[in-house]
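Shown next: my_file.cif, containing mmCIF, C-alpha atoms.
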```cif
data_protein
#
loop_
_atom_site.label_atom_id
_atom_site.label_comp_id
_atom_site.auth_asym_id
_atom_site.auth_seq_id
_atom_site.Cartn_x
_atom_site.Cartn_y
_atom_site.Cartn_z
CA MET A 1 80.84 94.71 120.96
CA GLY A 2 77.34 96.13 121.15
CA ALA A 3 76.15 93.14 123.17
CA ALA A 4 79.10 93.63 125.55
CA THR A 5 77.94 97.17 126.40
CA ILE A 6 74.51 95.80 127.34
CA ILE A 7 76.09 93.01 129.42
CA GLU A 8 78.26 95.64 131.12
CA ASN A 9 75.16 97.59 132.09
CA ILE A 10 73.73 94.46 133.71
CA LYS A 11 76.82 92.73 135.13
CA GLY A 12 79.13 95.69 135.69
CA THR A 13 82.37 97.02 134.18
CA ASP A 14 84.69 94.66 136.07
CA TYR A 15 82.80 91.64 134.75
CA THR A 16 82.94 92.65 131.08
CA THR A 17 86.54 93.85 131.37
CA THR A 18 87.59 90.43 132.64
CA THR A 19 85.32 88.06 130.70
CA ILE A 20 84.99 89.89 127.38
CA TYR A 21 87.30 92.83 126.60
CA GLY A 22 90.26 91.37 128.47
CA SER A 23 89.71 87.77 127.39
CA TRP A 24 91.97 85.78 125.07
CA TRP A 25 89.15 84.99 122.65
CA PHE A 26 88.21 88.67 122.20
CA SER A 27 91.81 89.52 121.28
CA LEU A 28 91.92 86.46 119.01
CA LEU A 29 88.78 87.60 117.16
CA TRP A 30 90.33 91.01 116.49
CA ALA A 31 93.58 89.35 115.37
CA LEU A 32 91.72 87.03 112.98
CA LEU A 33 89.67 89.95 111.64
CA ALA A 34 92.84 91.95 111.00
CA LEU A 35 94.62 88.96 109.39
CA LEU A 36 91.69 88.11 107.12
CA GLY A 37 91.38 91.78 106.17
CA VAL A 38 95.06 92.03 105.24
CA VAL A 39 94.96 88.80 103.20
CA TYR A 40 91.79 89.83 101.37
CA TYR A 41 93.10 93.36 100.74
CA PHE A 42 96.30 92.11 99.12
CA LYS A 43 94.46 89.41 97.22
CA SER A 44 91.88 91.80 95.76
CA GLU A 45 94.02 94.94 95.36
CA ALA A 46 97.34 93.50 94.25
CA SER A 47 95.89 90.90 91.89
CA GLY A 48 95.91 93.39 89.02
CA ASN A 49 98.69 95.52 87.61
CA ALA A 50 101.40 95.91 90.29
CA LYS A 51 102.54 99.25 88.86
CA THR A 52 99.02 100.66 89.09
CA TRP A 53 98.55 99.26 92.59
CA LEU A 54 101.72 100.97 93.81
CA SER A 55 101.00 104.27 92.06
CA ILE A 56 100.89 107.43 94.17
CA PRO A 57 97.10 108.01 93.80
CA ASN A 58 96.52 104.70 95.64
CA TRP A 59 98.79 105.50 98.59
CA PRO A 60 96.10 107.19 100.72
CA ARG A 61 93.87 104.11 100.47
CA HIS A 62 96.76 101.79 101.31
CA GLY A 63 97.79 104.06 104.18
CA LEU A 64 94.26 104.10 105.58
CA HIS A 65 94.03 100.32 105.73
CA ALA A 66 97.60 99.98 107.03
CA SER A 67 96.90 102.51 109.80
CA ILE A 68 94.02 100.40 111.14
CA VAL A 69 96.30 97.36 111.32
CA ILE A 70 98.99 99.41 113.10
CA ILE A 71 96.41 100.70 115.62
CA LEU A 72 95.31 97.11 116.34
CA VAL A 73 98.95 96.02 116.73
CA GLY A 74 99.50 98.89 119.17
CA ALA A 75 96.39 97.86 121.12
CA PHE A 76 97.69 94.28 121.33
CA ILE A 77 101.09 95.46 122.57
CA THR A 78 99.29 97.53 125.20
CA HIS A 79 97.20 94.50 126.18
CA ILE A 80 100.19 92.22 126.79
CA SER A 81 102.90 94.59 128.00
CA SER A 82 101.41 97.63 129.75
CA ARG A 83 101.47 97.92 133.54
CA SER A 84 99.15 99.98 135.66
CA GLY A 85 98.13 100.48 139.23
CA ARG A 86 96.97 102.76 142.01
CA LEU A 87 98.94 105.03 144.31
CA HIS A 88 97.21 106.35 147.43
CA LEU A 89 99.18 109.30 148.82
CA HIS A 90 98.51 110.56 152.34
CA PHE A 91 99.73 113.99 153.43
CA GLY A 92 103.39 113.91 154.46
CA ASP A 93 103.88 110.19 153.75
CA THR A 94 106.63 109.03 151.39
CA MET A 95 105.66 106.13 149.12
CA THR A 96 107.98 103.87 147.14
CA MET A 97 105.42 101.22 146.10
CA TYR A 98 102.14 101.20 144.20
CA GLU A 99 99.26 98.69 144.05
CA SER A 100 99.54 96.73 140.79
CA ASN A 101 96.42 96.01 138.74
CA GLU A 102 98.16 93.11 137.01
CA LYS A 103 99.02 91.49 140.37
CA ASN A 104 95.64 92.01 142.07
CA GLY A 105 96.77 94.92 144.20
CA ALA A 106 100.15 93.50 145.20
CA PRO A 107 102.79 96.18 145.94
CA VAL A 108 105.28 96.93 143.16
CA ASP A 109 108.36 99.15 143.36
CA LEU A 110 107.95 102.58 141.76
CA GLY A 111 111.67 103.03 141.22
CA PHE A 112 111.55 106.37 143.05
CA ALA A 113 110.05 107.91 146.19
CA ILE A 114 107.11 110.32 146.16
CA ARG A 115 105.69 112.44 149.00
CA LEU A 116 102.40 114.33 149.03
CA ASP A 117 103.02 117.91 150.17
CA THR A 118 99.52 119.30 149.61
CA PHE A 119 96.29 118.32 147.92
CA ASN A 120 93.90 121.06 146.82
CA ILE A 121 90.47 121.12 145.27
CA LYS A 122 90.13 124.22 143.11
CA CYS A 123 86.50 125.30 142.88
CA TYR A 124 84.61 127.61 140.57
CA LYS A 125 84.49 131.12 141.97
CA GLY A 126 81.69 131.56 144.48
CA THR A 127 80.80 127.84 144.52
CA LYS A 128 81.92 124.57 146.05
CA GLU A 129 81.86 122.83 142.68
CA PRO A 130 85.27 121.33 141.75
CA ARG A 131 87.16 122.92 138.87
CA ASP A 132 90.37 120.91 139.28
CA PHE A 133 92.18 118.54 141.65
CA VAL A 134 95.86 119.33 142.25
CA SER A 135 98.46 117.21 144.07
CA SER A 136 101.73 118.96 144.96
CA VAL A 137 104.42 116.32 145.41
CA THR A 138 108.12 115.92 146.02
CA VAL A 139 109.81 113.18 143.99
CA THR A 140 113.19 111.72 144.95
CA ASN A 141 114.94 109.64 142.28
CA LEU A 142 117.42 106.78 142.80
CA GLU A 143 120.35 109.23 142.86
CA GLY A 144 118.73 111.15 145.71
CA GLN A 145 117.82 114.18 143.58
CA LYS A 146 114.57 115.85 144.59
CA GLU A 147 112.01 117.49 142.30
CA LYS A 148 108.85 119.43 143.07
CA ALA A 149 105.89 118.72 140.79
CA LYS A 150 102.16 119.27 140.44
CA ILE A 151 99.81 116.57 139.19
CA SER A 152 96.30 117.61 138.19
CA MET A 153 93.47 116.64 135.85
CA ASN A 154 94.81 116.52 132.27
CA HIS A 155 98.32 117.27 133.56
CA ILE A 156 100.38 114.12 134.11
CA TYR A 157 103.79 113.60 135.69
CA GLN A 158 106.44 111.22 134.33
CA GLN A 159 109.32 109.63 136.22
CA ASN A 160 111.37 106.48 135.72
CA GLY A 161 109.20 105.42 132.76
CA LEU A 162 105.98 105.65 134.77
CA ARG A 163 103.19 108.15 134.14
CA LEU A 164 101.20 109.44 137.12
CA TYR A 165 97.64 110.74 136.65
CA GLN A 166 95.39 112.57 139.09
CA MET A 167 92.47 110.17 139.32
CA SER A 168 90.57 110.83 142.54
CA TYR A 169 90.90 111.65 146.24
CA ASP A 170 89.73 110.47 149.65
CA PRO A 171 87.42 113.13 151.16
CA GLN A 172 87.93 111.79 154.70
CA ASP A 173 91.56 112.87 155.02
CA MET A 174 91.99 114.77 151.72
CA SER A 175 94.55 112.25 150.50
CA SER A 176 95.30 111.93 146.82
CA ILE A 177 94.66 108.88 144.63
CA LEU A 178 96.83 108.62 141.52
CA THR A 179 96.82 106.22 138.59
CA VAL A 180 100.17 104.68 137.69
CA TYR A 181 100.64 103.66 134.06
CA ASP A 182 103.44 102.52 131.79
CA ASP A 183 103.00 101.62 128.12
CA PRO A 184 105.65 103.37 125.98
CA ILE A 185 105.72 100.90 123.07
CA GLY A 186 101.97 100.35 122.79
CA ILE A 187 101.16 104.07 122.95
CA LEU A 188 103.87 104.97 120.41
CA THR A 189 102.71 102.28 117.97
CA THR A 190 99.06 103.30 118.31
CA TYR A 191 99.86 106.99 117.90
CA ILE A 192 101.78 106.21 114.69
CA GLY A 193 98.60 104.50 113.48
CA TYR A 194 96.51 107.52 114.45
CA GLY A 195 98.86 109.81 112.52
CA MET A 196 98.70 107.61 109.43
CA LEU A 197 94.92 107.45 109.66
CA PHE A 198 94.64 111.23 109.90
CA LEU A 199 97.01 111.82 106.98
CA SER A 200 95.26 109.19 104.84
CA PHE A 201 91.84 110.75 105.35
CA VAL A 202 93.19 114.22 104.60
CA LEU A 203 94.71 112.97 101.33
CA LEU A 204 91.53 111.10 100.40
CA MET A 205 89.43 114.22 101.00
CA LEU A 206 91.83 116.36 98.95
CA LYS A 207 91.67 113.75 96.20
CA GLN A 208 87.89 114.21 96.09
CA ILE A 209 88.12 117.93 95.31
CA LYS A 210 87.37 118.19 91.60
CA GLY A 211 85.49 121.45 91.27
CA ARG A 212 84.16 124.62 92.87
CA SER A 213 81.32 122.82 94.67
CA ASP A 214 83.83 120.56 96.43
CA VAL A 215 85.96 123.54 97.49
CA ILE A 216 82.88 125.31 98.88
CA LEU A 217 81.86 122.11 100.71
CA TYR A 218 85.20 121.68 102.46
CA VAL A 219 85.55 125.38 103.28
CA ALA A 220 82.09 125.26 104.87
CA ILE A 221 82.99 122.13 106.86
CA ALA A 222 86.28 123.68 108.01
CA ALA A 223 84.49 126.89 109.05
CA LEU A 224 81.90 124.90 111.01
CA LEU A 225 84.60 122.87 112.74
CA ALA A 226 86.59 126.00 113.64
CA TRP A 227 83.49 127.66 115.10
CA LEU A 228 82.60 124.54 117.13
CA ILE A 229 86.11 124.30 118.57
CA TYR A 230 86.02 128.00 119.48
CA TYR A 231 82.55 127.71 120.99
CA PHE A 232 83.25 124.69 123.21
CA ASN A 233 86.79 125.67 124.24
CA VAL A 234 86.13 129.37 124.82
CA ARG A 235 82.48 130.41 125.09
CA TYR A 236 81.14 127.18 126.60
CA MET A 237 83.96 127.01 129.16
CA ALA A 238 83.39 130.64 130.14
CA THR A 239 79.69 130.13 130.85
CA HIS A 240 79.51 126.54 132.19
CA ARG A 241 80.92 124.89 135.28
CA VAL A 242 82.18 121.66 133.72
CA MET A 243 83.79 118.64 135.33
CA PRO A 244 87.57 118.97 135.88
CA VAL A 245 88.39 116.33 133.24
CA LEU A 246 86.63 118.44 130.58
CA ARG A 247 88.80 121.50 131.13
CA THR A 248 91.21 120.87 128.27
CA PRO A 249 91.57 122.00 124.63
CA PHE A 250 90.90 118.37 123.67
CA PHE A 251 87.27 118.91 124.68
CA GLY A 252 86.39 121.35 121.90
CA VAL A 253 88.39 119.49 119.24
CA HIS A 254 86.88 116.10 120.14
CA VAL A 255 83.29 117.36 120.37
CA GLY A 256 83.66 119.53 117.26
CA LEU A 257 84.97 116.67 115.13
CA MET A 258 82.25 114.30 116.34
CA ILE A 259 79.49 116.85 115.67
CA VAL A 260 80.79 117.51 112.14
CA GLY A 261 81.08 113.78 111.41
CA TYR A 262 77.61 113.00 112.76
CA SER A 263 76.10 116.03 111.01
CA LEU A 264 77.48 114.85 107.67
CA SER A 265 76.01 111.40 108.39
CA ALA A 266 72.63 113.06 109.03
CA VAL A 267 72.88 114.90 105.70
CA ILE A 268 73.66 111.57 104.00
CA PHE A 269 70.56 110.14 105.68
CA LEU A 270 68.38 112.96 104.31
CA LEU A 271 69.84 112.60 100.81
CA SER A 272 69.28 108.84 100.88
CA LEU A 273 65.74 109.30 102.12
CA ALA A 274 65.12 111.74 99.29
CA TYR A 275 66.49 109.21 96.81
CA LEU A 276 64.16 106.48 98.06
CA ILE A 277 61.22 108.84 97.58
CA HIS A 278 62.38 110.27 94.26
CA PRO A 279 65.44 108.55 92.68
CA ASN A 280 68.05 110.94 91.32
CA GLN A 281 71.62 110.10 90.33
CA LYS A 282 72.94 113.39 91.76
CA LEU A 283 71.74 112.37 95.22
CA THR A 284 73.81 109.18 94.95
CA GLN A 285 76.85 111.17 93.83
CA TRP A 286 76.54 113.54 96.79
CA CYS A 287 76.24 110.65 99.23
CA HIS A 288 79.45 109.16 97.85
CA ARG A 289 81.17 112.54 98.14
CA LEU A 290 80.08 112.99 101.75
CA LEU A 291 80.93 109.50 103.02
CA ILE A 292 84.70 110.07 103.08
CA PRO A 293 84.56 113.33 105.10
CA ALA A 294 81.85 111.88 107.38
CA LEU A 295 84.10 108.93 108.18
CA GLY A 296 87.22 111.09 108.32
CA PHE A 297 85.87 113.61 110.82
CA THR A 298 84.25 110.90 112.94
CA ALA A 299 87.51 108.94 113.00
CA GLY A 300 89.33 112.13 113.96
CA GLY A 301 86.89 112.69 116.82
CA ILE A 302 87.24 109.12 118.07
CA PHE A 303 91.01 109.17 118.07
CA VAL A 304 91.37 112.69 119.51
CA GLY A 305 89.12 111.37 122.26
CA ALA A 306 91.47 108.39 122.66
CA ILE A 307 94.49 110.68 123.00
CA TRP A 308 92.57 112.81 125.51
CA ALA A 309 91.66 109.67 127.49
CA ASN A 310 95.34 108.71 127.57
CA VAL A 311 96.25 112.12 128.98
CA SER A 312 93.42 112.12 131.53
CA TRP A 313 92.95 108.48 132.57
CA GLY A 314 96.17 106.77 131.59
CA ARG A 315 94.88 104.66 128.73
CA TYR A 316 93.67 105.61 125.27
CA TRP A 317 90.85 103.06 125.04
CA GLY A 318 88.70 101.63 127.81
CA TRP A 319 85.73 100.08 125.97
CA ASP A 320 83.41 102.64 127.51
CA PRO A 321 79.90 102.21 125.96
CA LYS A 322 80.10 105.57 124.18
CA GLU A 323 83.54 104.73 122.76
CA THR A 324 82.39 101.29 121.70
CA TRP A 325 79.22 102.46 119.94
CA ALA A 326 81.11 105.29 118.22
CA LEU A 327 83.49 102.66 116.83
CA ILE A 328 80.56 100.46 115.79
CA SER A 329 78.91 103.40 113.99
CA TRP A 330 82.16 104.23 112.23
CA MET A 331 82.53 100.64 111.02
CA VAL A 332 78.90 100.60 109.83
CA TYR A 333 79.47 103.69 107.68
CA ALA A 334 82.73 102.26 106.29
CA VAL A 335 80.92 99.26 104.77
CA PRO A 336 79.33 101.07 101.73
CA LEU A 337 82.78 102.27 100.63
CA HIS A 338 83.67 98.66 99.82
CA ALA A 339 81.32 98.26 96.84
CA LYS A 340 84.14 96.59 94.90
CA SER A 341 84.05 93.59 97.24
CA LEU A 342 80.36 94.00 98.19
CA PRO A 343 78.51 94.18 94.83
CA ALA A 344 75.13 94.80 96.48
CA PHE A 345 76.19 98.39 97.23
CA ARG A 346 76.56 99.08 93.53
CA LYS A 347 72.77 99.06 93.39
CA PRO A 348 71.66 102.60 94.30
CA ARG A 349 68.49 101.53 96.10
CA ILE A 350 70.32 99.12 98.42
CA PHE A 351 73.08 101.70 98.94
CA HIS A 352 70.62 104.39 100.06
CA LEU A 353 68.43 102.04 102.09
CA TYR A 354 71.52 100.96 104.02
CA LEU A 355 72.49 104.58 104.72
CA VAL A 356 69.00 105.35 106.02
CA VAL A 357 69.23 102.45 108.47
CA ALA A 358 72.85 103.33 109.37
CA LEU A 359 71.77 106.57 111.02
CA LEU A 360 70.07 104.49 113.73
CA PHE A 361 73.51 103.46 114.97
CA ILE A 362 74.61 107.08 115.33
CA ALA A 363 71.31 108.00 116.97
CA PHE A 364 71.85 105.24 119.51
CA THR A 365 75.47 106.31 120.05
CA TYR A 366 74.49 109.93 120.61
CA PHE A 367 71.22 109.51 122.53
CA GLY A 368 70.63 105.85 123.38
CA VAL A 369 73.91 105.24 125.21
CA ASN A 370 73.27 108.17 127.56
CA ALA A 371 69.69 107.13 128.22
CA LEU A 372 70.07 103.34 128.51
CA LEU A 373 73.70 102.58 129.37
CA THR A 374 76.24 103.87 131.85
CA GLY A 375 79.88 104.87 131.54
CA MET A 376 82.45 107.62 131.76
CA HIS A 377 80.67 109.57 129.00
CA SER A 378 77.41 109.89 130.94
CA TYR A 379 77.96 113.65 131.10
CA ALA A 380 78.26 113.96 127.28
#
```
Give the structure from the file, written as structure tokens.
Amino acid sequence: MGAATIIENIKGTDYTTTTIYGSWWFSLLWALLALLGVVYYFKSEASGNAKTWLSIPNWPRHGLHASIVIILVGAFITHISSRSGRLHLHFGDTMTMYESNEKNGAPVDLGFAIRLDTFNIKCYKGTKEPRDFVSSVTVTNLEGQKEKAKISMNHIYQQNGLRLYQMSYDPQDMSSILTVYDDPIGILTTYIGYGMLFLSFVLLMLKQIKGRSDVILYVAIAALLAWLIYYFNVRYMATHRVMPVLRTPFFGVHVGLMIVGYSLSAVIFLLSLAYLIHPNQKLTQWCHRLLIPALGFTAGGIFVGAIWANVSWGRYWGWDPKETWALISWMVYAVPLHAKSLPAFRKPRIFHLYLVVALLFIAFTYFGVNALLTGMHSYA
């Protein structure tokens, strides 16, 4: 995946989308990885006492692993069954067809008629910098019933099973360019996986609370997250002219969760570095205690970002370099939690050395991607 982001920077997005991310062998690799993971999980976890394996304290761990499989199943359903395209609306024209991505731009019936009444660019007060793009349309369904609607950034319109997103516009005649997308089963399946993942991490973090220090830790993390969400969604928005796609409550939640997750990873790095200089069992204990919330908040940030992308761009995952490296970093930090199947991580020195090196992945995700690669997150 990391190599694909570098190839994308050289060959372009269309090339990697077709030859790597959209290829049969890439999907097959993910399917094999998921299958091997499921087989190994059942073989290693269920080989002991069945009653203990099915006990309530183990449910969060089972739910966490099951949620990842469900997310991958949802992604596969999206890959094989979703339909998408482009709809170019000119002022006053009524359109009944859209250009299909799956059929190389061939026209496909919308199942309804849509007319562009007005297209407006809302700017920040006293400037010509766009704040939002708004298409006012009239939709006529198959029964002849008409409906007025507005489609803008982060505000989609749904009709006849299709979702319409404000994507861009043509400055020459101020016509509107919409994205057409349909993926009800894939999105629903993936969102179920997201929900299970969130609930599993919450239960795992609650399970870790065993004393006053743990309560203080989680209260401090919650307070930091609340302040970050408030800052980015209220104070930052009030003082910065941001791109239209960023003007959504998802912005503060996504950024806040990612900052908390990465900050906890940085603390783990410092604790591990301290251990390598002066070994202390308490440092190892704290690293173990922080790994679950670090992974949990990072996962939350990734998947809130995926939901936001679905609302804004019509798909929840696009293999953007920032998305891809965030996923890689998350997977890297998940490895030390599997000390049962990876005995090397039971040795404190190897455990801490790994966590010191692991921060390089987050550093590249946060700084390197912006500096060296391109993508939709180039503003972040």
Requested in this report: May I have the protein, DNA and RNA residues with any atom at most 10 Å from the point (85.7, 104.4, 119.1), counting all atoms listed in the file, written as a list in words?
Outcome: Thr298, Ala299, Gly300, Gly301, Ile302, Phe303, Gly305, Ala306, Trp317, Gly318, Trp319, Asp320, Pro321, Lys322, Glu323, Thr324, Trp325, Ala326, Leu327, Ile328, Ser329, Trp330 and Met331 of chain A
Query raised in the report: What is the CA of Ala75 (chain A)-CA of Leu257 (chain A) distance in Å, reported with one decimal?
Result: 22.8 Å
Report task. For region 201-208 of chain A, please output as a PyMOL selection string all residues within 9 Å (counting only C-alpha atoms; exclusion window: fewer than 3 positions along the same chain). Result -> chain A and resi 57+59-61+64+196-198+214+218+289+292-293+295-297+299
Query raised in the report: What residues come out when you apply the PyMOL selection byres ((chain A and resi 5-18) around 8) to this file, written as an NGL selection string?
Result: :A and (1-4 or 19-23 or 320-321 or 324 or 373-374)
Requested in this report: Write out as a PyMOL selection string which residues come within 12 Å of region 141-145 of chain A when counting only C-alpha atoms, dropping same-chain ones fewer than 4 positions away.
Outcome: chain A and resi 96+109-115+158-161
Query raised in the report: With all atoms listed in the file as the atoms that count, which of A:Val215, A:Ala66, A:Met174, A:Ala274 lies nearest to Thr190 (chain A)?
Result: A:Ala66
Report task. Let me know the residues the PyMOL selection byres ((chain A and resi 77) around 10) catches in the file above, as a list in words. Result ->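 Evaluating the PyMOL selection byres ((chain A and resi 77) around 10) on these coordinates yields Ile71, Leu72, Val73, Gly74, Ala75, Phe76, Thr78, His79, Ile80, Ser81, Ser82, Asp183, Pro184, Ile185, Gly186, Ile187, Thr189 and Thr190 of chain A.
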Answer key for the PyMOL selection byres ((chain A and resi 175) around 10), residues as a PDB file with C-alpha atoms, in the coordinates of the input:
```pdb
ATOM      1  CA  HIS A  88      97.210 106.350 147.430  1.00  0.00           C
ATOM      2  CA  LEU A  89      99.180 109.300 148.820  1.00  0.00           C
ATOM      3  CA  HIS A  90      98.510 110.560 152.340  1.00  0.00           C
ATOM      4  CA  PHE A  91      99.730 113.990 153.430  1.00  0.00           C
ATOM      5  CA  GLY A  92     103.390 113.910 154.460  1.00  0.00           C
ATOM      6  CA  LEU A 116     102.400 114.330 149.030  1.00  0.00           C
ATOM      7  CA  THR A 118      99.520 119.300 149.610  1.00  0.00           C
ATOM      8  CA  PHE A 119      96.290 118.320 147.920  1.00  0.00           C
ATOM      9  CA  ASN A 120      93.900 121.060 146.820  1.00  0.00           C
ATOM     10  CA  SER A 135      98.460 117.210 144.070  1.00  0.00           C
ATOM     11  CA  SER A 168      90.570 110.830 142.540  1.00  0.00           C
ATOM     12  CA  TYR A 169      90.900 111.650 146.240  1.00  0.00           C
ATOM     13  CA  ASP A 170      89.730 110.470 149.650  1.00  0.00           C
ATOM     14  CA  PRO A 171      87.420 113.130 151.160  1.00  0.00           C
ATOM     15  CA  GLN A 172      87.930 111.790 154.700  1.00  0.00           C
ATOM     16  CA  ASP A 173      91.560 112.870 155.020  1.00  0.00           C
ATOM     17  CA  MET A 174      91.990 114.770 151.720  1.00  0.00           C
ATOM     18  CA  SER A 176      95.300 111.930 146.820  1.00  0.00           C
ATOM     19  CA  ILE A 177      94.660 108.880 144.630  1.00  0.00           C
ATOM     20  CA  LEU A 178      96.830 108.620 141.520  1.00  0.00           C
TER      21      LEU A 178
END
```
Query raised in the report: Which residue gives the smallest distance to Lys125 (chain A) among A:Arg241, A:Leu224, A:Met153, A:Phe232, with all atoms listed in the file counted?
Result: A:Arg241
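Using all atoms listed in the file, the smallest distance between any of A:Gly195, A:Phe26, A:Val108, A:Leu188 and Ile68 (chain A) comes from A:Gly195.
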Query raised in the report: How far is it from CA of Leu35 (chain A) to CA of Ala334 (chain A), in Å with one decimal?
Result: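 CA of Leu35 (chain A) sits 18.1 Å away from CA of Ala334 (chain A).
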Report task. Rank nothing, just name the residue among A:Leu271, A:Val69, A:Met167, A:Ala226 nearest to Leu32 (chain A), using only C-alpha atoms. Result ->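 Using only C-alpha atoms, the shortest distance to Leu32 (chain A) belongs to A:Val69.
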Report task. Provide the CA of Met258 (chain A) to CA of Thr365 (chain A) distance in Å, to one decimal place. Result ->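 Going from CA of Met258 (chain A) over to CA of Thr365 (chain A) covers 11.1 Å.
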Query - Nearby residues (all atoms listed in the file) at most 7 Å from region 246-255 of chain A, same-chain spacing under 4 positions excluded, as a list in words - result: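 So the residues in contact are Asn154, Leu228, Ile229, Phe232, Asn233, Val242, Ile259, Gly301, Val304, Gly305 and Trp308 of chain A.
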Report task. Can you pull out every residue within 12 Å of region 339-345 of chain A, counting only C-alpha atoms, but drop anything in the same chain fewer than 4 positions away, and send it as a list in words? Result ->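 Near region 339-345 of chain A, the qualifying residues are Gly37, Tyr40, Tyr41, Lys43, Ser44, Glu45, Thr284, His288, Ala334, Val335, Arg349, Ile350, Phe351, His352, Leu353, Tyr354 and Leu355 of chain A.
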Query raised in the report: From the set A:Ile151, A:Val39, A:Val245, A:Val356, which residue has the shortest atom-to-atom contact distance to Leu164 (chain A), counting only C-alpha atoms?
Result: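 Ranking A:Ile151, A:Val39, A:Val245, A:Val356 by distance to Leu164 (chain A), first place goes to A:Ile151.
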Query raised in the report: Using only C-alpha atoms, which of the listed residues (A:Glu147, A:Tyr194, A:Cys123, A:Arg212) sits closest to Ile307 (chain A)?
Result: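 Smallest separation from Ile307 (chain A) among the options: A:Tyr194.
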Please list, as a PDB file with C-alpha atoms, keeping the file's coordinate frame, the residues that have an atom at most 12 Å away from (100.0, 98.4, 141.0) in the coordinates of this file, counting only C-alpha atoms.
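Printed below is result.pdb as written:
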```pdb
ATOM      1  CA  SER A  82     101.410  97.630 129.750  1.00  0.00           C
ATOM      2  CA  ARG A  83     101.470  97.920 133.540  1.00  0.00           C
ATOM      3  CA  SER A  84      99.150  99.980 135.660  1.00  0.00           C
ATOM      4  CA  GLY A  85      98.130 100.480 139.230  1.00  0.00           C
ATOM      5  CA  ARG A  86      96.970 102.760 142.010  1.00  0.00           C
ATOM      6  CA  LEU A  87      98.940 105.030 144.310  1.00  0.00           C
ATOM      7  CA  HIS A  88      97.210 106.350 147.430  1.00  0.00           C
ATOM      8  CA  THR A  96     107.980 103.870 147.140  1.00  0.00           C
ATOM      9  CA  MET A  97     105.420 101.220 146.100  1.00  0.00           C
ATOM     10  CA  TYR A  98     102.140 101.200 144.200  1.00  0.00           C
ATOM     11  CA  GLU A  99      99.260  98.690 144.050  1.00  0.00           C
ATOM     12  CA  SER A 100      99.540  96.730 140.790  1.00  0.00           C
ATOM     13  CA  ASN A 101      96.420  96.010 138.740  1.00  0.00           C
ATOM     14  CA  GLU A 102      98.160  93.110 137.010  1.00  0.00           C
ATOM     15  CA  LYS A 103      99.020  91.490 140.370  1.00  0.00           C
ATOM     16  CA  ASN A 104      95.640  92.010 142.070  1.00  0.00           C
ATOM     17  CA  GLY A 105      96.770  94.920 144.200  1.00  0.00           C
ATOM     18  CA  ALA A 106     100.150  93.500 145.200  1.00  0.00           C
ATOM     19  CA  PRO A 107     102.790  96.180 145.940  1.00  0.00           C
ATOM     20  CA  VAL A 108     105.280  96.930 143.160  1.00  0.00           C
ATOM     21  CA  ASP A 109     108.360  99.150 143.360  1.00  0.00           C
ATOM     22  CA  LEU A 110     107.950 102.580 141.760  1.00  0.00           C
ATOM     23  CA  LEU A 162     105.980 105.650 134.770  1.00  0.00           C
ATOM     24  CA  LEU A 164     101.200 109.440 137.120  1.00  0.00           C
ATOM     25  CA  LEU A 178      96.830 108.620 141.520  1.00  0.00           C
ATOM     26  CA  THR A 179      96.820 106.220 138.590  1.00  0.00           C
ATOM     27  CA  VAL A 180     100.170 104.680 137.690  1.00  0.00           C
ATOM     28  CA  TYR A 181     100.640 103.660 134.060  1.00  0.00           C
ATOM     29  CA  ASP A 182     103.440 102.520 131.790  1.00  0.00           C
TER      30      ASP A 182
END
```
